[in-house]
Amino acid sequence: MPAADSFISQSNPLYRRRRRFNRVMLALSGVTLVSGLFWLAWIILTLLFKGAGALSLSLLWQSTPPPGQSGGLINAIVGSILISGVGTLIGTPIGVLAGTYLAEYGRRGWLAPATRFLNDVLLSAPSIVIGLFIYAVYVAPIGHYSGWAGAFALAILVIPVVVRATDNMLSLVPNSLREAAAALGCPQWRIVVFICYRAARSGILTGILLAVARISGETAPLLFTALNNQFMSLDMNAPIANLPVVIFQYAASPFEDWNRLAWAGAALITLLVLAINIAARSLFRNK
């Protein structure tokens, strides 16, 4: 049997071939990393360059204007906060409870694996399909667009993200903590609420924030549900303005003042999503 040193000798052909392959793969990985960072930096710098000039205080106190007049985006900002907030409030409890069942109660049987599979399908489903679904089951029967329809569509997008985060974080909680609490006579629901949730709360909160960041810029579902409104409105049972749809409409318009507002709205959403992602990774990381 050959000596072990011959397998690691630099003169060994197998060693040289593996080393060349390793260098090639490292070079390809480095090129892909630089390429991804280049396009990301290009997008962010373009948004900041074209959107920073349009950012002003008027965006925060004036509504979207007609062509040829000055205005802001306050109605779209307020509408986006309302729709995203309601969608998060609807989707978060459902996602947390479903993830809790998968991690704590569904360890046996076929229901939990089937639910995880369907959740992964929903997680990767195009958002426009969700918008069409809500349009068919809610908008078309009631006969008009509304903020509630937009919130329902965004809630469906929130649910799979929160389910995945809750399931994964609760699965990382050591079983020894559950066994110690059960040995003391603690019922199952107390183990989940007072032990598992406390141990996994950072990861669950991170998943919720990432879900909020995802729905903040969704346009396709809102085109079929909330549509838009040129004026300030807090009525969730009527069409309501929102930043993604305003950006979509103003960016495609031939008016330069609308184009500037579209760049300003895109910069606002980008900075918001960036801030949420940074907060999710810094405030709730494990010490």
# chains A, B, ... in the order shown; residues from 1 in each chain; ligands from 1

$ residues_around --residues "range 236-247 of chain A" --least-positions-apart "4" --cutoff "6 Å" --atoms "only C-alpha atoms" --output "VMD selection string"
chain A and resid 76 to 77 79 to 80 145 to 148 217 219 226 to 229 251 262

$ closest_atom_pairs --of "range 210-280 of chain A" --to "range 118-133 of chain A" --cutoff "10 Å" --atoms "only C-alpha atoms" --output "tab-separated table"
residue	atom	partner	partner_atom	distance
A:Ile215	CA	A:Ser127	CA	9.6
A:Glu218	CA	A:Ser127	CA	7.5
A:Thr219	CA	A:Ile128	CA	8.3
A:Ala220	CA	A:Ile128	CA	4.9
A:Pro221	CA	A:Gly131	CA	3.7
A:Leu222	CA	A:Gly131	CA	6.7
A:Leu223	CA	A:Gly131	CA	7.6
A:Phe224	CA	A:Gly131	CA	5.6
A:Thr225	CA	A:Gly131	CA	6.6
A:Ala226	CA	A:Gly131	CA	9.7

$ write_last_selection --atoms "N, CA and C atoms" --output "PDB file, in the first residue's frame"
ATOM      1  N   ILE A 215     -42.144  42.931   0.897  1.00  0.00           N
ATOM      2  CA  ILE A 215     -43.415  43.443   0.386  1.00  0.00           C
ATOM      3  C   ILE A 215     -43.379  44.953   0.166  1.00  0.00           C
ATOM      4  N   GLU A 218     -43.233  45.562  -3.676  1.00  0.00           N
ATOM      5  CA  GLU A 218     -44.032  44.747  -4.590  1.00  0.00           C
ATOM      6  C   GLU A 218     -45.025  45.627  -5.356  1.00  0.00           C
ATOM      7  N   THR A 219     -44.990  45.507  -6.673  1.00  0.00           N
ATOM      8  CA  THR A 219     -45.860  46.313  -7.539  1.00  0.00           C
ATOM      9  C   THR A 219     -46.971  45.492  -8.165  1.00  0.00           C
ATOM     10  N   ALA A 220     -46.632  44.319  -8.698  1.00  0.00           N
ATOM     11  CA  ALA A 220     -47.601  43.525  -9.463  1.00  0.00           C
ATOM     12  C   ALA A 220     -48.864  43.183  -8.671  1.00  0.00           C
ATOM     13  N   PRO A 221     -48.765  42.734  -7.392  1.00  0.00           N
ATOM     14  CA  PRO A 221     -50.014  42.423  -6.679  1.00  0.00           C
ATOM     15  C   PRO A 221     -50.909  43.643  -6.485  1.00  0.00           C
ATOM     16  N   LEU A 222     -50.296  44.823  -6.282  1.00  0.00           N
ATOM     17  CA  LEU A 222     -51.085  46.023  -6.009  1.00  0.00           C
ATOM     18  C   LEU A 222     -51.754  46.571  -7.265  1.00  0.00           C
ATOM     19  N   LEU A 223     -51.210  46.261  -8.426  1.00  0.00           N
ATOM     20  CA  LEU A 223     -51.859  46.693  -9.667  1.00  0.00           C
ATOM     21  C   LEU A 223     -53.221  46.038  -9.843  1.00  0.00           C
ATOM     22  N   PHE A 224     -53.380  44.822  -9.318  1.00  0.00           N
ATOM     23  CA  PHE A 224     -54.637  44.092  -9.459  1.00  0.00           C
ATOM     24  C   PHE A 224     -55.538  44.230  -8.233  1.00  0.00           C
ATOM     25  N   THR A 225     -55.069  44.913  -7.194  1.00  0.00           N
ATOM     26  CA  THR A 225     -55.837  44.928  -5.947  1.00  0.00           C
ATOM     27  C   THR A 225     -56.110  46.345  -5.444  1.00  0.00           C
ATOM     28  N   ALA A 226     -55.060  47.076  -5.066  1.00  0.00           N
ATOM     29  CA  ALA A 226     -55.241  48.419  -4.508  1.00  0.00           C
ATOM     30  C   ALA A 226     -55.281  49.496  -5.579  1.00  0.00           C
TER      31      ALA A 226
END

$ select_by_dssp --residues "range 62-172 of chain A" --states "alpha helix (DSSP H)" --output "PyMOL selection string"
chain A and resi 74-100+111-123+127-134+140-142+147-171

$ closest_residue --among "A:Ala252, A:Ala103, A:Met232, A:Leu210" --to "Asn175 in chain A" --atoms "only C-alpha atoms"
A:Ala103

$ closest_residue --among "A:Val137, A:Ile269, A:Ala54, A:Val192" --to "Glu179 in chain A" --atoms "only C-alpha atoms"
A:Val192

$ closest_residue --among "A:Thr46, A:Thr166, A:Ser176, A:Ser29" --to "Thr100 in chain A" --atoms "only C-alpha atoms"
A:Thr166

$ residues_around --residues "range 170-173 of chain A" --least-positions-apart "4" --cutoff "12 Å" --atoms "only C-alpha atoms" --output "ChimeraX atom specification"
/A:96-107,162-166,177-179,191-193,195-204

$ atom_distance --atom1 "CA of Gln62 in chain A" --atom2 "CA of Leu274 in chain A"
24.8 Å

$ residues_around --residues "Pro65 in chain A" --least-positions-apart "4" --cutoff "12 Å" --atoms "only C-alpha atoms" --output "list of chain:residue names"
A:Ser58, A:Leu59, A:Trp61, A:Gln69, A:Ser70, A:Gly71, A:Gly72, A:Leu73, A:Ile74, A:Asn75, A:Ala76, A:Asn229, A:Gln230, A:Phe231, A:Met232, A:Val246, A:Tyr250, A:Phe255, A:Asp257, A:Trp258, A:Asn259, A:Arg260, A:Leu261

$ write_last_selection --atoms "C-alpha atoms" --output "mmCIF file, in the first residue's frame"
data_model
loop_
_atom_site.group_PDB
_atom_site.id
_atom_site.type_symbol
_atom_site.label_atom_id
_atom_site.label_comp_id
_atom_site.auth_asym_id
_atom_site.auth_seq_id
_atom_site.Cartn_x
_atom_site.Cartn_y
_atom_site.Cartn_z
ATOM 1 C CA SER A 58 -42.132 68.581 -0.371
ATOM 2 C CA LEU A 59 -42.274 64.813 -0.894
ATOM 3 C CA TRP A 61 -46.284 66.988 2.713
ATOM 4 C CA GLN A 69 -47.251 70.932 -11.500
ATOM 5 C CA SER A 70 -45.081 70.432 -8.435
ATOM 6 C CA GLY A 71 -46.015 67.904 -5.800
ATOM 7 C CA GLY A 72 -44.868 65.106 -3.576
ATOM 8 C CA LEU A 73 -45.546 61.525 -2.592
ATOM 9 C CA ILE A 74 -47.152 61.797 0.828
ATOM 10 C CA ASN A 75 -50.379 60.080 -0.238
ATOM 11 C CA ALA A 76 -48.397 57.203 -1.760
ATOM 12 C CA ASN A 229 -55.383 57.132 -5.956
ATOM 13 C CA GLN A 230 -54.111 60.595 -6.806
ATOM 14 C CA PHE A 231 -55.428 62.074 -3.550
ATOM 15 C CA MET A 232 -54.795 61.402 0.113
ATOM 16 C CA VAL A 246 -46.905 55.395 -8.415
ATOM 17 C CA TYR A 250 -44.717 57.853 -13.262
ATOM 18 C CA PHE A 255 -43.563 63.974 -18.242
ATOM 19 C CA ASP A 257 -41.631 66.035 -13.403
ATOM 20 C CA TRP A 258 -43.348 62.664 -12.982
ATOM 21 C CA ASN A 259 -40.110 60.898 -13.925
ATOM 22 C CA ARG A 260 -38.264 62.796 -11.173
ATOM 23 C CA LEU A 261 -40.897 61.781 -8.635
#

$ atom_distance --atom1 "CA of Leu45 in chain A" --atom2 "CA of Trp263 in chain A"
12.0 Å

$ closest_residue --among "A:Ala183, A:Leu234, A:Ala279, A:Leu271" --to "Ala52 in chain A" --atoms "only C-alpha atoms"
A:Leu271
